[in-house]
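Q: Take this structure first; my questions come after.
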There are 2 protein chains.
Amino acid sequence: MPEQKPKQPPAGRAVVFESPTGETSTPELDDVVMDVIGRIADKWTMCVLEVLAQNGVLRFTRIGDLVGSISQRMLTKTLRQLEEDGFVIRTVYPEVPPRVEYQLTELGHSLCAAFCGVWLWAEKHYDQLQSLPKKARSA
Amino acid sequence: MPEQKPKQPPAGRAVVFESPTGETSTPELDDVVMDVIGRIADKWTMCVLEVLAQNGVLRFTRIGDLVGSISQRMLTKTLRQLEEDGFVIRTVYPEVPPRVEYQLTELGHSLCAAFCGVWLWAEKHYDQLQSLPKKARSA
DNA sequence: CAGAATCCCTGCGGATACTG
DNA sequence: CAGTATCCGCAGGGATTCTG
């Protein structure tokens, strides 16, 4: 069976995102999306984003409490990365004891809003999802 | 067990997702979402999902070509995990040479659809996003 | 062709200790 | 309070080799 498809992938990915409704993305957009996913798609980042999305302005320790079992190290790294990427604003008050407040930027808020579709999807398919084979689920 | 663990919360977060429009989730839903994120939120999984979403039924090697620079090891692992999690169907044809075809399940398709909001968000904020500090960008 | 198995290196991330 | 610095285990993942 001779493959007539001329679309041979060059070096690197050749993925182009396309929505079921026919919305296609450009390779550049695809690249950006993958990049963003790579930045935010980890447990702590997601948790911190959501905590901030819900509570607005929060201090360092407070975020840690709300997230739960995150180490200071990871909380710091996560927040700094989010700040560097423009999703979070960090405000330091020159006081003693020190006070540092964090809040989402517009970009951060819009990102959380975009993810809303995933929550809704999860809700809709809750039965199937919660019965998935346990993998890293808290024992 | 004489070992004293003063505060060991249920290995837990206290995060509850809530959309900007006021849609709140239950802790259970939150848990499921985090679980799903943990399953799919990595470079290769996302790529493979998208490749399958676009092209429908694909063979092993073809997926690898479309994704680009993925190793066989990771491709296998990724596909098996997706299969185990119910996002992909794996069909083996008892032939020589062997032929194995992959395709998304309904759940897989719906997940990709849910992520559509993220592509749209990325498109809208393309300027800000593509100018983020390079981190692990690999062309 | 579609993988399984192996080697091996990297870095994520937890725990702990110290500081302004 | 809000970090920084350090040690370190271990899992992720690339490259390579073997096989039905």
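A note on labels: chains of the structure tokens are A, B, ... as shown, every chain counts residues from 1, and ligands are counted from 1 in their shown order.
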Show which residues sit within 9 Å of Phe87 of chain A, as a PyMOL selection string. Count only C-alpha atoms (C1' of nucleotides), and ignore same-chain residues fewer than 5 positions away.
A: chain A and resi 49+81-82+103-109+111
Q: Could the residues of chain C that have an atom at most 9 Å from chain A be listed as a tab-separated table, each with its closest atom pair and the distance in Å to one decimal, counting only C-alpha atoms (C1' of nucleotides) and ordered by chain and ascending residue number?
A:
```
residue	atom	partner	partner_atom	distance
C:DG13	C1'	A:Met74	CA	7.2
C:DG14	C1'	A:Ser71	CA	7.3
C:DA15	C1'	A:Ser71	CA	8.9
```
Q: Should the cut-off be 8 Å, what would the residue list for chain D against chain A look like, counting only C-alpha atoms (C1' of nucleotides), as a PDB file with C-alpha atoms (C1' of nucleotides), in the first residue's frame?
A:
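After the write, result.pdb holds the following:
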```
ATOM      1  C1'  DC D   1       7.321  35.330  58.190  1.00  0.00           C
ATOM      2  C1'  DA D   2       9.349  34.229  53.975  1.00  0.00           C
ATOM      3  C1'  DG D   3      12.373  32.660  52.220  1.00  0.00           C
TER       4       DG D   3
END
```
Q: Just want the 12 Å neighbourhood of Lys124 of chain B, counted on only C-alpha atoms (C1' of nucleotides), with same-chain residues fewer than 3 positions away dropped. Output as a list of chain:residue names.
A: A:Ser25, A:Leu29, A:Val32, A:Val33, A:Leu107, A:Ser110, A:Leu111, A:Ala114, B:Gly117, B:Val118, B:Trp119, B:Leu120, B:Trp121, B:Asp127, B:Gln128, B:Leu129, B:Gln130
Q: How would you write, as a PDB file with C-alpha atoms, in the first residue's frame, the set of residues in segment 28-124 of chain B that DSSP gives as strand (DSSP E)?
A:
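Result written to result_33.pdb:
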```
ATOM      1  CA  LEU B  58      -3.036   5.383  13.391  1.00  0.00           C
ATOM      2  CA  ARG B  59      -0.348   2.763  13.601  1.00  0.00           C
ATOM      3  CA  VAL B  88      -7.203   5.248  23.625  1.00  0.00           C
ATOM      4  CA  ILE B  89      -8.144   1.938  22.081  1.00  0.00           C
ATOM      5  CA  ARG B  90      -5.362  -0.382  21.021  1.00  0.00           C
ATOM      6  CA  THR B  91      -6.080  -2.962  18.382  1.00  0.00           C
ATOM      7  CA  VAL B  92      -3.594  -5.698  17.586  1.00  0.00           C
ATOM      8  CA  TYR B  93      -3.842  -7.530  14.276  1.00  0.00           C
ATOM      9  CA  ARG B  99       0.183  -4.269  12.914  1.00  0.00           C
ATOM     10  CA  VAL B 100      -1.194  -2.312  15.836  1.00  0.00           C
ATOM     11  CA  GLU B 101      -3.678   0.479  15.452  1.00  0.00           C
ATOM     12  CA  TYR B 102      -4.577   3.182  17.927  1.00  0.00           C
ATOM     13  CA  GLN B 103      -7.576   5.432  18.120  1.00  0.00           C
ATOM     14  CA  LEU B 104      -9.225   7.692  20.643  1.00  0.00           C
TER      15      LEU B 104
END
```
